[in-house]
$ cat my_file_2.csv   # CSV, C-alpha atoms
chain,number,residue,atom,x,y,z
A,1,MET,CA,0.0,0.0,0.0
A,2,SER,CA,1.4,3.4,-0.9
A,3,TRP,CA,1.6,6.3,1.4
A,4,GLU,CA,-0.9,8.2,-0.7
A,5,GLN,CA,-3.4,5.4,0.0
A,6,LEU,CA,-2.7,5.6,3.7
A,7,VAL,CA,-3.1,9.4,4.1
A,8,THR,CA,-5.4,10.5,1.3
A,9,GLY,CA,-8.9,11.1,2.5
A,10,VAL,CA,-7.8,11.9,6.1
A,11,GLU,CA,-9.6,15.1,7.0
A,12,LEU,CA,-7.1,17.7,8.3
A,13,PRO,CA,-8.5,20.2,10.8
A,14,PHE,CA,-7.0,23.4,9.2
A,15,PRO,CA,-8.3,26.6,10.8
A,16,ASP,CA,-10.9,28.5,8.9
A,17,GLY,CA,-9.4,31.1,6.7
A,18,LEU,CA,-5.9,29.7,6.8
A,19,THR,CA,-3.9,31.1,3.9
A,20,VAL,CA,-0.3,30.8,2.9
A,21,PRO,CA,1.2,34.2,2.0
A,22,GLU,CA,2.8,35.0,-1.3
A,23,LEU,CA,6.6,34.5,-1.4
A,24,HIS,CA,9.1,36.8,-3.1
A,25,ARG,CA,12.5,35.8,-4.5
A,26,LEU,CA,15.6,37.2,-2.9
A,27,GLU,CA,19.2,36.9,-3.9
A,28,LEU,CA,21.4,36.2,-0.9
A,29,GLU,CA,24.7,37.9,-0.4
A,30,VAL,CA,27.3,35.1,-0.2
A,31,PRO,CA,31.1,35.2,-0.2
A,32,SER,CA,32.2,34.5,-3.7
A,33,PRO,CA,36.0,34.3,-4.2
A,34,PRO,CA,37.2,33.8,-7.8
A,35,GLY,CA,36.4,30.3,-9.0
A,36,VAL,CA,38.9,27.7,-10.4
A,37,GLN,CA,38.5,27.9,-14.1
A,38,ASP,CA,39.9,24.4,-15.0
A,39,ILE,CA,39.2,22.0,-12.1
A,40,GLU,CA,40.8,19.0,-13.8
A,41,ALA,CA,44.0,20.9,-14.6
A,42,ALA,CA,44.1,22.3,-11.0
A,43,ALA,CA,43.8,18.8,-9.6
A,44,PHE,CA,46.5,17.6,-11.9
A,45,THR,CA,48.9,20.3,-10.9
A,46,ALA,CA,48.2,20.0,-7.2
A,47,THR,CA,48.9,16.2,-7.4
A,48,VAL,CA,52.1,16.6,-9.3
A,49,ASP,CA,53.4,19.4,-7.2
A,50,THR,CA,52.6,17.7,-3.9
A,51,PHE,CA,53.6,14.1,-4.5
A,52,THR,CA,56.5,14.2,-7.0
A,53,ASP,CA,58.9,13.1,-4.2
A,54,ASP,CA,56.6,10.6,-2.7
A,55,VAL,CA,55.4,8.5,-5.6
A,56,THR,CA,57.6,5.8,-7.1
A,57,ASP,CA,57.3,3.8,-10.3
A,58,GLY,CA,54.8,1.1,-10.0
A,59,MET,CA,53.3,2.3,-6.7
A,60,THR,CA,49.7,1.3,-6.4
A,61,VAL,CA,47.4,4.1,-5.1
A,62,ALA,CA,43.8,3.7,-4.0
A,63,VAL,CA,42.0,6.9,-4.7
A,64,GLY,CA,38.9,7.7,-2.6
A,65,ALA,CA,35.7,8.7,-4.3
A,66,GLY,CA,32.8,9.8,-2.0
A,67,SER,CA,29.0,10.1,-2.1
A,68,ARG,CA,28.7,13.8,-1.8
A,69,GLY,CA,27.6,16.1,-4.6
A,70,LEU,CA,30.9,17.9,-5.0
A,71,THR,CA,31.2,20.4,-7.8
A,72,GLY,CA,33.5,19.0,-10.5
A,73,ARG,CA,33.9,15.7,-8.7
A,74,VAL,CA,34.7,13.8,-11.9
A,75,GLU,CA,37.2,16.4,-13.0
A,76,VAL,CA,39.0,16.4,-9.7
A,77,LEU,CA,39.3,12.7,-9.7
A,78,ARG,CA,40.3,12.5,-13.3
A,79,GLY,CA,43.0,15.1,-12.9
A,80,THR,CA,44.3,13.4,-9.8
A,81,ILE,CA,44.4,10.0,-11.5
A,82,ARG,CA,46.1,11.3,-14.6
A,83,ALA,CA,48.8,13.0,-12.5
A,84,LEU,CA,49.4,9.9,-10.5
A,85,ARG,CA,50.0,8.0,-13.7
A,86,GLN,CA,52.4,10.6,-15.0
A,87,LEU,CA,54.3,10.2,-11.7
A,88,GLY,CA,54.6,6.5,-12.4
A,89,ALA,CA,51.9,5.2,-10.1
A,90,GLU,CA,49.2,2.7,-10.8
A,91,PRO,CA,46.0,4.3,-9.5
A,92,PHE,CA,42.5,2.8,-9.0
A,93,VAL,CA,39.3,4.1,-7.4
A,94,VAL,CA,37.7,3.0,-4.1
A,95,PRO,CA,34.2,4.1,-3.0
A,96,ALA,CA,35.2,5.8,0.3
A,97,MET,CA,31.8,6.5,1.8
A,98,GLY,CA,31.4,4.6,5.0
A,99,SER,CA,28.0,2.9,5.2
A,100,HIS,CA,26.3,4.7,2.4
A,101,GLY,CA,24.8,2.8,-0.5
A,102,GLY,CA,23.1,0.4,1.9
A,103,ALA,CA,26.5,-0.7,3.2
A,104,THR,CA,27.0,-3.0,0.2
A,105,ALA,CA,29.7,-3.0,-2.5
A,106,ASP,CA,27.1,-2.9,-5.3
A,107,GLY,CA,25.2,-0.1,-3.6
A,108,GLN,CA,28.3,2.0,-3.3
A,109,ARG,CA,29.4,1.3,-6.9
A,110,GLN,CA,25.9,2.4,-8.0
A,111,MET,CA,26.1,5.6,-6.0
A,112,LEU,CA,29.4,6.5,-7.8
A,113,HIS,CA,27.7,5.6,-11.1
A,114,ASP,CA,24.7,7.8,-10.3
A,115,LEU,CA,27.1,10.7,-9.5
A,116,GLY,CA,28.8,10.3,-12.9
A,117,MET,CA,31.9,8.6,-11.5
A,118,THR,CA,32.2,5.6,-13.8
A,119,GLU,CA,35.4,3.8,-14.8
A,120,GLU,CA,35.1,5.4,-18.3
A,121,ALA,CA,34.6,8.9,-16.9
A,122,LEU,CA,37.4,8.6,-14.4
A,123,GLY,CA,39.9,6.7,-16.5
A,124,ALA,CA,40.5,4.1,-13.8
A,125,GLU,CA,39.2,0.8,-12.5
A,126,ILE,CA,36.8,0.9,-9.6
A,127,ARG,CA,37.3,-1.7,-6.9
A,128,ALA,CA,34.4,-1.9,-4.5
A,129,THR,CA,34.2,-4.0,-1.3
A,130,MET,CA,32.9,-3.6,2.2
A,131,ASP,CA,35.7,-5.8,3.7
A,132,THR,CA,38.2,-4.0,5.9
A,133,VAL,CA,41.5,-4.6,7.5
A,134,VAL,CA,42.5,-3.3,10.9
A,135,VAL,CA,45.8,-1.5,10.1
A,136,ALA,CA,46.4,0.4,13.4
A,137,HIS,CA,45.1,1.2,16.8
A,138,THR,CA,44.7,4.6,18.5
A,139,PRO,CA,46.4,5.3,21.9
A,140,SER,CA,43.1,4.4,23.6
A,141,GLY,CA,43.1,1.0,21.8
A,142,THR,CA,40.4,1.8,19.2
A,143,PRO,CA,41.0,-0.2,16.0
A,144,VAL,CA,41.4,1.7,12.8
A,145,HIS,CA,39.8,0.0,9.8
A,146,LEU,CA,40.8,0.4,6.2
A,147,ASP,CA,39.1,-0.7,3.0
A,148,ALA,CA,40.6,-4.1,2.0
A,149,ASN,CA,41.4,-3.0,-1.5
A,150,ALA,CA,43.1,0.2,-0.2
A,151,ALA,CA,45.0,-1.8,2.4
A,152,ALA,CA,46.3,-4.0,-0.4
A,153,ALA,CA,47.7,-1.0,-2.2
A,154,ASP,CA,51.0,0.7,-1.5
A,155,ARG,CA,49.2,4.0,-0.6
A,156,PHE,CA,45.7,5.5,-0.4
A,157,LEU,CA,44.6,9.0,-1.2
A,158,PRO,CA,41.4,10.7,-0.1
A,159,VAL,CA,39.9,13.2,-2.5
A,160,ASN,CA,37.2,15.3,-0.9
A,161,ARG,CA,35.6,18.7,-0.3
A,162,VAL,CA,36.5,20.5,3.0
A,163,LYS,CA,33.5,21.9,4.8
A,164,PRO,CA,31.9,22.2,8.3
A,165,HIS,CA,30.6,18.9,9.6
A,166,THR,CA,27.0,18.1,10.6
A,167,CYS,CA,27.7,16.1,13.9
A,168,PHE,CA,30.6,17.8,15.7
A,169,LYS,CA,32.8,20.9,15.8
A,170,GLY,CA,36.6,20.7,15.7
A,171,PRO,CA,39.8,22.1,14.1
A,172,VAL,CA,39.2,19.7,11.2
A,173,GLU,CA,35.8,18.5,10.3
A,174,SER,CA,34.5,17.2,6.9
A,175,GLY,CA,37.3,16.7,4.4
A,176,CYS,CA,40.3,14.5,3.7
A,177,MET,CA,40.8,13.4,7.3
A,178,LYS,CA,37.2,12.3,7.6
A,179,MET,CA,37.3,10.4,4.3
A,180,ALA,CA,40.5,8.7,5.3
A,181,VAL,CA,39.1,7.5,8.7
A,182,VAL,CA,35.4,7.1,8.0
A,183,GLY,CA,35.0,6.8,4.2
A,184,PHE,CA,37.9,4.3,3.8
A,185,GLY,CA,36.9,2.7,7.1
A,186,LYS,CA,33.6,1.5,5.6
A,187,GLN,CA,30.8,0.6,7.9
A,188,PRO,CA,32.9,-0.6,10.9
A,189,GLY,CA,35.2,2.3,10.7
A,190,ALA,CA,32.4,4.8,10.4
A,191,ALA,CA,30.5,3.2,13.3
A,192,LEU,CA,33.5,3.4,15.6
A,193,VAL,CA,33.8,7.1,15.1
A,194,HIS,CA,30.1,8.0,15.0
A,195,THR,CA,28.8,5.9,18.0
A,196,CYS,CA,29.8,8.5,20.6
A,197,GLY,CA,29.2,12.2,21.4
A,198,PRO,CA,30.5,15.1,19.4
A,199,ILE,CA,33.6,15.7,21.6
A,200,GLU,CA,34.7,12.1,21.5
A,201,MET,CA,33.9,11.9,17.8
A,202,ARG,CA,36.3,14.8,17.2
A,203,ASP,CA,39.0,13.2,19.3
A,204,ARG,CA,38.5,9.7,17.7
A,205,LEU,CA,38.9,11.2,14.2
A,206,LEU,CA,42.0,13.1,15.1
A,207,ASP,CA,43.6,10.1,16.9
A,208,ALA,CA,42.6,7.6,14.1
A,209,CYS,CA,44.0,9.9,11.4
A,210,ALA,CA,47.3,10.2,13.4
A,211,ALA,CA,47.4,6.4,13.6
A,212,LEU,CA,46.9,6.1,9.8
A,213,ARG,CA,49.7,8.6,9.1
A,214,ASP,CA,52.0,6.6,11.3
A,215,THR,CA,51.4,3.4,9.2
A,216,GLY,CA,52.9,5.1,6.2
A,217,ARG,CA,49.9,4.0,4.1
A,218,LEU,CA,48.4,7.5,3.7
A,219,LEU,CA,49.9,9.3,0.7
A,220,GLY,CA,48.1,12.6,1.6
A,221,GLY,CA,45.0,14.2,0.2
A,222,ILE,CA,43.5,16.3,-2.6
A,223,ALA,CA,41.1,18.9,-1.1
A,224,THR,CA,38.6,21.2,-2.7
A,225,VAL,CA,36.8,24.1,-1.2
A,226,GLU,CA,33.5,25.4,-2.6
A,227,ALA,CA,31.9,28.8,-2.3
A,228,GLY,CA,28.2,29.2,-1.4
A,229,THR,CA,27.6,29.5,-5.2
A,230,GLY,CA,28.9,26.0,-5.7
A,231,GLU,CA,32.0,27.2,-7.5
A,232,VAL,CA,35.2,25.4,-6.6
A,233,VAL,CA,37.5,28.2,-5.3
A,234,ARG,CA,40.5,26.1,-4.2
A,235,VAL,CA,42.1,22.8,-5.1
A,236,GLU,CA,44.9,21.9,-2.8
A,237,GLY,CA,47.3,19.0,-2.4
A,238,LEU,CA,47.9,17.9,1.2
A,239,ARG,CA,51.1,16.0,2.2
A,240,THR,CA,50.7,13.2,4.7
A,241,ALA,CA,51.2,15.4,7.7
A,242,ASP,CA,48.7,18.0,6.4
A,243,VAL,CA,45.8,15.5,6.5
A,244,GLY,CA,44.1,16.2,9.9
A,245,GLY,CA,46.9,18.7,10.5
A,246,ASP,CA,47.4,22.5,10.4
A,247,TYR,CA,46.9,22.9,6.7
A,248,GLU,CA,43.6,21.1,6.7
A,249,HIS,CA,42.6,23.1,9.7
A,250,GLU,CA,43.3,26.3,7.7
A,251,LEU,CA,41.2,25.0,4.9
A,252,THR,CA,38.4,24.1,7.3
A,253,GLU,CA,38.3,27.7,8.7
A,254,TYR,CA,38.3,29.1,5.2
A,255,ALA,CA,35.5,26.8,4.1
A,256,ARG,CA,33.5,27.7,7.3
A,257,ALA,CA,33.6,31.4,6.3
A,258,LEU,CA,32.1,30.6,3.0
A,259,VAL,CA,29.0,28.7,4.3
A,260,PRO,CA,26.1,31.2,4.0
A,261,PRO,CA,23.6,31.2,6.9
A,262,LEU,CA,20.0,32.1,6.3
A,263,PRO,CA,20.0,35.8,7.2
A,264,PHE,CA,17.0,35.6,9.6
A,265,ASP,CA,16.9,35.3,13.3
A,266,GLU,CA,13.5,33.6,13.4
A,267,ILE,CA,11.6,31.6,10.8
A,268,ASP,CA,8.1,30.3,11.4
A,269,VAL,CA,8.1,27.9,8.4
A,270,LEU,CA,11.1,26.7,6.4
A,271,ILE,CA,10.3,24.9,3.1
A,272,ILE,CA,13.1,22.9,1.6
A,273,GLU,CA,12.4,21.6,-1.9
A,274,ARG,CA,14.8,18.7,-1.9
A,275,GLY,CA,17.3,17.0,0.4
A,276,GLY,CA,19.6,14.1,-0.2
A,277,LYS,CA,22.9,12.3,0.6
A,278,ASP,CA,24.5,14.2,-2.3
A,279,ILE,CA,23.5,17.5,-0.6
A,280,SER,CA,24.4,16.6,3.0
A,281,GLY,CA,25.2,13.5,4.9
A,282,THR,CA,22.1,14.5,7.0
A,283,THR,CA,19.9,15.1,3.9
A,284,MET,CA,19.6,18.8,5.1
A,285,ASP,CA,22.6,20.6,6.4
A,286,PRO,CA,22.1,21.6,10.0
A,287,ASN,CA,24.7,24.4,9.5
A,288,VAL,CA,21.9,26.0,7.4
A,289,THR,CA,18.7,25.0,9.3
A,290,GLY,CA,20.2,25.4,12.8
A,291,ARG,CA,18.9,22.0,13.9
A,292,PHE,CA,21.7,19.7,14.9
A,293,TRP,CA,19.9,17.4,17.4
A,294,VAL,CA,23.0,15.7,18.6
A,295,PRO,CA,23.4,15.0,22.4
A,296,GLY,CA,26.1,17.3,23.6
A,297,LEU,CA,26.1,19.7,20.6
A,298,ASP,CA,24.1,22.9,20.8
A,299,ASP,CA,21.7,24.0,18.0
A,300,LEU,CA,22.6,27.3,16.3
A,301,ALA,CA,21.4,30.4,18.0
A,302,LYS,CA,19.9,31.5,14.7
A,303,PRO,CA,18.0,30.9,12.7
A,304,ARG,CA,15.4,29.6,15.1
A,305,VAL,CA,13.0,27.6,12.9
A,306,SER,CA,9.6,26.6,14.3
A,307,SER,CA,8.7,24.1,11.5
A,308,ILE,CA,10.4,22.5,8.5
A,309,VAL,CA,8.8,21.1,5.4
A,310,LEU,CA,10.9,18.8,3.2
A,311,LEU,CA,9.3,18.2,-0.2
A,312,ASP,CA,11.5,15.7,-2.1
A,313,LEU,CA,14.5,13.4,-1.9
A,314,THR,CA,17.2,13.3,-4.6
A,315,GLU,CA,17.3,10.1,-6.7
A,316,VAL,CA,21.0,9.5,-6.1
A,317,SER,CA,20.2,9.1,-2.4
A,318,GLY,CA,18.6,5.7,-3.2
A,319,GLY,CA,16.0,6.1,-0.5
A,320,ASN,CA,18.5,6.8,2.2
A,321,ALA,CA,16.9,9.7,4.2
A,322,LEU,CA,18.9,9.8,7.4
A,323,GLY,CA,18.2,13.4,8.5
A,324,MET,CA,14.5,13.4,7.4
A,325,GLY,CA,13.8,13.6,11.2
A,326,PHE,CA,14.9,17.3,11.0
A,327,ALA,CA,11.7,17.9,9.0
A,328,ASP,CA,8.3,18.1,10.6
A,329,PHE,CA,6.2,17.4,7.5
A,330,ILE,CA,6.8,15.5,4.3
A,331,PRO,CA,4.4,14.6,1.4
A,332,ALA,CA,3.4,11.1,0.6
A,333,SER,CA,5.4,11.3,-2.6
A,334,LEU,CA,8.6,11.6,-0.6
A,335,ALA,CA,7.6,8.9,1.8
A,336,ASN,CA,7.2,6.5,-1.0
A,337,LYS,CA,10.9,6.9,-1.9
A,338,LEU,CA,12.1,5.9,1.6
A,339,ASP,CA,14.3,2.9,1.9
A,340,PHE,CA,14.2,2.1,5.6
A,341,ARG,CA,16.9,-0.5,5.3
A,342,LYS,CA,19.4,1.9,3.9
A,343,THR,CA,18.3,4.7,6.2
A,344,TYR,CA,18.4,2.6,9.3
A,345,ILE,CA,21.9,1.1,8.5
A,346,ASN,CA,23.1,4.6,8.1
A,347,CYS,CA,21.3,5.6,11.3
A,348,PHE,CA,23.0,2.8,13.4
A,349,THR,CA,26.3,3.8,11.9
A,350,ALA,CA,25.7,7.4,13.0
A,351,GLY,CA,25.1,6.3,16.6
A,352,PRO,CA,23.5,8.9,18.9
A,353,ALA,CA,23.3,11.4,16.1
A,354,GLY,CA,21.1,9.0,14.1
A,355,MET,CA,18.3,8.5,16.6
A,356,ARG,CA,16.3,11.7,16.2
A,357,ARG,CA,17.5,12.4,12.7
A,358,ALA,CA,16.0,9.2,11.4
A,359,ARG,CA,12.5,9.7,12.8
A,360,LEU,CA,9.6,9.8,10.4
A,361,PRO,CA,8.0,13.2,10.1
A,362,MET,CA,4.3,13.7,9.7
A,363,VAL,CA,3.3,12.3,6.3
A,364,LEU,CA,0.5,14.3,4.5
A,365,PRO,CA,-1.1,13.8,1.1
A,366,ASP,CA,0.7,16.5,-0.8
A,367,GLU,CA,2.9,19.6,-0.8
A,368,GLU,CA,0.0,21.9,-0.2
A,369,SER,CA,-1.1,20.0,2.9
A,370,CYS,CA,2.4,20.0,4.3
A,371,ILE,CA,2.8,23.7,3.9
A,372,LYS,CA,-0.6,24.4,5.4
A,373,ALA,CA,0.0,22.1,8.3
A,374,ALA,CA,3.4,23.8,9.0
A,375,VAL,CA,1.6,27.2,8.9
A,376,ALA,CA,-1.2,26.0,11.2
A,377,MET,CA,1.2,24.4,13.8
A,378,CYS,CA,4.2,26.7,13.8
A,379,GLY,CA,3.0,28.6,16.9
A,380,ARG,CA,2.5,32.0,15.3
A,381,PRO,CA,-0.5,33.7,16.8
A,382,THR,CA,-3.5,34.1,14.4
A,383,GLY,CA,-3.4,37.4,12.5
A,384,GLU,CA,0.3,38.0,13.0
A,385,PRO,CA,2.4,38.1,9.8
A,386,LEU,CA,4.0,34.7,9.0
A,387,ARG,CA,7.7,34.5,8.5
A,388,ILE,CA,8.2,31.9,5.7
A,389,VAL,CA,11.3,31.0,3.8
A,390,ARG,CA,11.6,28.6,0.9
A,391,ILE,CA,14.9,27.3,-0.5
A,392,ALA,CA,15.8,24.8,-3.2
A,393,SER,CA,18.2,22.9,-0.9
A,394,THR,CA,20.7,23.6,1.8
A,395,LEU,CA,23.6,23.3,-0.7
A,396,HIS,CA,24.8,26.3,-2.8
A,397,LEU,CA,22.4,28.7,-1.0
A,398,THR,CA,22.4,31.7,-3.3
A,399,GLU,CA,18.7,32.6,-3.3
A,400,CYS,CA,15.5,32.1,-1.4
A,401,TRP,CA,11.8,33.0,-1.4
A,402,VAL,CA,10.4,34.8,1.6
A,403,SER,CA,7.1,36.2,2.8
A,404,ASP,CA,6.4,39.9,3.3
A,405,ALA,CA,7.2,39.7,7.0
A,406,LEU,CA,10.8,39.0,6.2
A,407,LEU,CA,11.4,41.5,3.4
A,408,PRO,CA,12.7,44.3,5.6
$ encode --input "my_file_2.csv" --output "structure tokens"
Amino acid sequence: MSWEQLVTGVELPFPDGLTVPELHRLELEVPSPPGVQDIEAAAFTATVDTFTDDVTDGMTVAVGAGSRGLTGRVEVLRGTIRALRQLGAEPFVVPAMGSHGGATADGQRQMLHDLGMTEEALGAEIRATMDTVVVAHTPSGTPVHLDANAAAADRFLPVNRVKPHTCFKGPVESGCMKMAVVGFGKQPGAALVHTCGPIEMRDRLLDACAALRDTGRLLGGIATVEAGTGEVVRVEGLRTADVGGDYEHELTEYARALVPPLPFDEIDVLIIERGGKDISGTTMDPNVTGRFWVPGLDDLAKPRVSSIVLLDLTEVSGGNALGMGFADFIPASLANKLDFRKTYINCFTAGPAGMRRARLPMVLPDEESCIKAAVAMCGRPTGEPLRIVRIASTLHLTECWVSDALLP
């Protein structure tokens, strides 16, 4: 039975005279440094310049490809792979995405395919497995897992965007360090890091990254930074010591300054047209919505959002909607896309951060019902102007639509 069949016909007690105000398009002021004109060439140059002294003839290198919707993801990987070959290495690609794709090798390979990262596009073989090898231990005794194919290579190389994380705050958050530890660590590696509070998660990541550096297996990293417009503004090569070190910290702070917040203190209803794993690991980025919902991590002081409507889920998510719990209302059409197996595997891997974030919002027949319900239940007194914001997604936030009450 579909969700439409379950909820259609249910009489919703909307207040008499309830109306949704007209919305007006606004361009948001976001930091926009000059973009990188040729991303593939920049990745090629960064790889050659960084690893000329570290790569030897015949060295096998496992290059990490993730599940996020990075701008120029194919170009960055292709430039990196081409440069490694010029240096004499034998590169191949590994899906480095923790438990995404339903925690199966085929699911992860499919995610790469759906994001355009095929063997033909990248110019390299893709080797997918969920098997791991414990290659190190942290000082506290926590095992450090590494993808079995990557562990069989001479070196491995994360390629990732640096940005603020959705579960913790630290000197280095989402980027090459996290891909090295969590992405390449597959489901068991991701679970060991995520199944704790935000402070311990930060420390486990730093300790595990240090342990990986000490093994001599980590070649370094290729990092990108994107502006709020989605343009790639930096492509940087990281030496081994830079991954999780001072240089990645510098890139993290730079990336944090480029994340545009919604410029409102209080929002009665936030409408998000689509979410997904390619947009944020939590479907909707809490750095934008203000809702983190992680024990031990405070929500943002602003914006303070009373109710959130999520209207759709990207196809590349494959039904994985960890983070849908941030929303209060979703339409039946979105609910029909949910794959609870994929979502709950990701939820268990996320540990305490996954509990509230994987909860099912109120499912209503259609978009109109969801928006009306959000208006009716947002707590705004009858007759007072409604503060409504609508955005396409929480990624590349350059415009929004707002009600009259927010125009000033």
$ atom_distance --input "my_file_2.csv" --atom1 "atom CA of Leu334 of chain A" --atom2 "atom CA of Arg161 of chain A"
27.9 Å
$ residues_around --input "my_file_2.csv" --residues "Ala208 of chain A" --least-positions-apart "6" --cutoff "12 Å" --atoms "all atoms listed in the file" --output "VMD selection string"
chain A and resid 134 to 146 177 to 182 184 to 185 189 to 190 192 to 193 200 to 202 214 to 215 218 243 to 244
$ write_last_selection --input "my_file_2.csv" --atoms "C-alpha atoms" --output "tab-separated table (two decimals), in the frame of the given file"
chain	number	residue	atom	x	y	z
A	134	VAL	CA	42.50	-3.30	10.90
A	135	VAL	CA	45.80	-1.50	10.10
A	136	ALA	CA	46.40	0.40	13.40
A	137	HIS	CA	45.10	1.20	16.80
A	138	THR	CA	44.70	4.60	18.50
A	139	PRO	CA	46.40	5.30	21.90
A	140	SER	CA	43.10	4.40	23.60
A	141	GLY	CA	43.10	1.00	21.80
A	142	THR	CA	40.40	1.80	19.20
A	143	PRO	CA	41.00	-0.20	16.00
A	144	VAL	CA	41.40	1.70	12.80
A	145	HIS	CA	39.80	0.00	9.80
A	146	LEU	CA	40.80	0.40	6.20
A	177	MET	CA	40.80	13.40	7.30
A	178	LYS	CA	37.20	12.30	7.60
A	179	MET	CA	37.30	10.40	4.30
A	180	ALA	CA	40.50	8.70	5.30
A	181	VAL	CA	39.10	7.50	8.70
A	182	VAL	CA	35.40	7.10	8.00
A	184	PHE	CA	37.90	4.30	3.80
A	185	GLY	CA	36.90	2.70	7.10
A	189	GLY	CA	35.20	2.30	10.70
A	190	ALA	CA	32.40	4.80	10.40
A	192	LEU	CA	33.50	3.40	15.60
A	193	VAL	CA	33.80	7.10	15.10
A	200	GLU	CA	34.70	12.10	21.50
A	201	MET	CA	33.90	11.90	17.80
A	202	ARG	CA	36.30	14.80	17.20
A	214	ASP	CA	52.00	6.60	11.30
A	215	THR	CA	51.40	3.40	9.20
A	218	LEU	CA	48.40	7.50	3.70
A	243	VAL	CA	45.80	15.50	6.50
A	244	GLY	CA	44.10	16.20	9.90
$ atom_distance --input "my_file_2.csv" --atom1 "atom CA of His396 of chain A" --atom2 "atom CA of Asp328 of chain A"
22.8 Å
$ residues_around --input "my_file_2.csv" --residues "segment 387-395 of chain A" --least-positions-apart "5" --cutoff "6 Å" --atoms "all atoms listed in the file" --output "PyMOL selection string"
chain A and resi 267-274+279+284-285+400-403+405-406
$ closest_residue --input "my_file_2.csv" --among "A:Val363, A:Leu251, A:Val305, A:Leu115" --to "Phe264 of chain A" --atoms "only C-alpha atoms"
A:Val305
$ atom_distance --input "my_file_2.csv" --atom1 "atom CA of Pro31 of chain A" --atom2 "atom CA of Pro261 of chain A"
11.1 Å
$ residues_around --input "my_file_2.csv" --residues "Thr314 of chain A" --least-positions-apart "2" --cutoff "10 Å" --atoms "only C-alpha atoms" --output "list in words"
Glu273, Arg274, Gly275, Gly276, Lys277, Asp278, Ile279, Thr283, Asp312, Val316, Ser317, Gly318, Gly319, Asn320, Ala321, Leu334 and Lys337 of chain A
$ write_last_selection --input "my_file_2.csv" --atoms "C-alpha atoms" --output "compact mmCIF listing (two decimals), in the coordinates of the input"
# COMPACT_ATOMS: atom_id res chain seq x y z
CA GLU A 273 12.40 21.60 -1.90
CA ARG A 274 14.80 18.70 -1.90
CA GLY A 275 17.30 17.00 0.40
CA GLY A 276 19.60 14.10 -0.20
CA LYS A 277 22.90 12.30 0.60
CA ASP A 278 24.50 14.20 -2.30
CA ILE A 279 23.50 17.50 -0.60
CA THR A 283 19.90 15.10 3.90
CA ASP A 312 11.50 15.70 -2.10
CA VAL A 316 21.00 9.50 -6.10
CA SER A 317 20.20 9.10 -2.40
CA GLY A 318 18.60 5.70 -3.20
CA GLY A 319 16.00 6.10 -0.50
CA ASN A 320 18.50 6.80 2.20
CA ALA A 321 16.90 9.70 4.20
CA LEU A 334 8.60 11.60 -0.60
CA LYS A 337 10.90 6.90 -1.90
$ closest_residue --input "my_file_2.csv" --among "A:Val225, A:Val94, A:Ala191, A:Met1" --to "Thr349 of chain A" --atoms "all atoms listed in the file"
A:Ala191
$ residues_around --input "my_file_2.csv" --residues "Ala121 of chain A" --least-positions-apart "4" --cutoff "10 Å" --atoms "only C-alpha atoms" --output "PDB file with C-alpha atoms, in the frame of the given file"
ATOM      1  CA  VAL A  74      34.700  13.800 -11.900  1.00  0.00           C
ATOM      2  CA  GLU A  75      37.200  16.400 -13.000  1.00  0.00           C
ATOM      3  CA  LEU A  77      39.300  12.700  -9.700  1.00  0.00           C
ATOM      4  CA  ARG A  78      40.300  12.500 -13.300  1.00  0.00           C
ATOM      5  CA  HIS A 113      27.700   5.600 -11.100  1.00  0.00           C
ATOM      6  CA  GLY A 116      28.800  10.300 -12.900  1.00  0.00           C
ATOM      7  CA  MET A 117      31.900   8.600 -11.500  1.00  0.00           C
TER       8      MET A 117
END
$ residues_around --input "my_file_2.csv" --residues "Glu226 of chain A" --least-positions-apart "3" --cutoff "12 Å" --atoms "all atoms listed in the file" --output "compact mmCIF listing (two decimals) with C-alpha atoms, in the frame of the given file"
# COMPACT_ATOMS: atom_id res chain seq x y z
CA VAL A 30 27.30 35.10 -0.20
CA PRO A 31 31.10 35.20 -0.20
CA SER A 32 32.20 34.50 -3.70
CA PRO A 33 36.00 34.30 -4.20
CA PRO A 34 37.20 33.80 -7.80
CA GLY A 35 36.40 30.30 -9.00
CA VAL A 36 38.90 27.70 -10.40
CA ILE A 39 39.20 22.00 -12.10
CA GLY A 69 27.60 16.10 -4.60
CA LEU A 70 30.90 17.90 -5.00
CA THR A 71 31.20 20.40 -7.80
CA GLY A 72 33.50 19.00 -10.50
CA ARG A 73 33.90 15.70 -8.70
CA ASN A 160 37.20 15.30 -0.90
CA ARG A 161 35.60 18.70 -0.30
CA VAL A 162 36.50 20.50 3.00
CA LYS A 163 33.50 21.90 4.80
CA PRO A 164 31.90 22.20 8.30
CA GLY A 175 37.30 16.70 4.40
CA ALA A 223 41.10 18.90 -1.10
CA THR A 229 27.60 29.50 -5.20
CA GLY A 230 28.90 26.00 -5.70
CA GLU A 231 32.00 27.20 -7.50
CA VAL A 232 35.20 25.40 -6.60
CA VAL A 233 37.50 28.20 -5.30
CA ARG A 234 40.50 26.10 -4.20
CA VAL A 235 42.10 22.80 -5.10
CA GLU A 236 44.90 21.90 -2.80
CA LEU A 251 41.20 25.00 4.90
CA THR A 252 38.40 24.10 7.30
CA TYR A 254 38.30 29.10 5.20
CA ALA A 255 35.50 26.80 4.10
CA ARG A 256 33.50 27.70 7.30
CA ALA A 257 33.60 31.40 6.30
CA LEU A 258 32.10 30.60 3.00
CA VAL A 259 29.00 28.70 4.30
CA PRO A 260 26.10 31.20 4.00
CA LEU A 395 23.60 23.30 -0.70
CA HIS A 396 24.80 26.30 -2.80
CA LEU A 397 22.40 28.70 -1.00
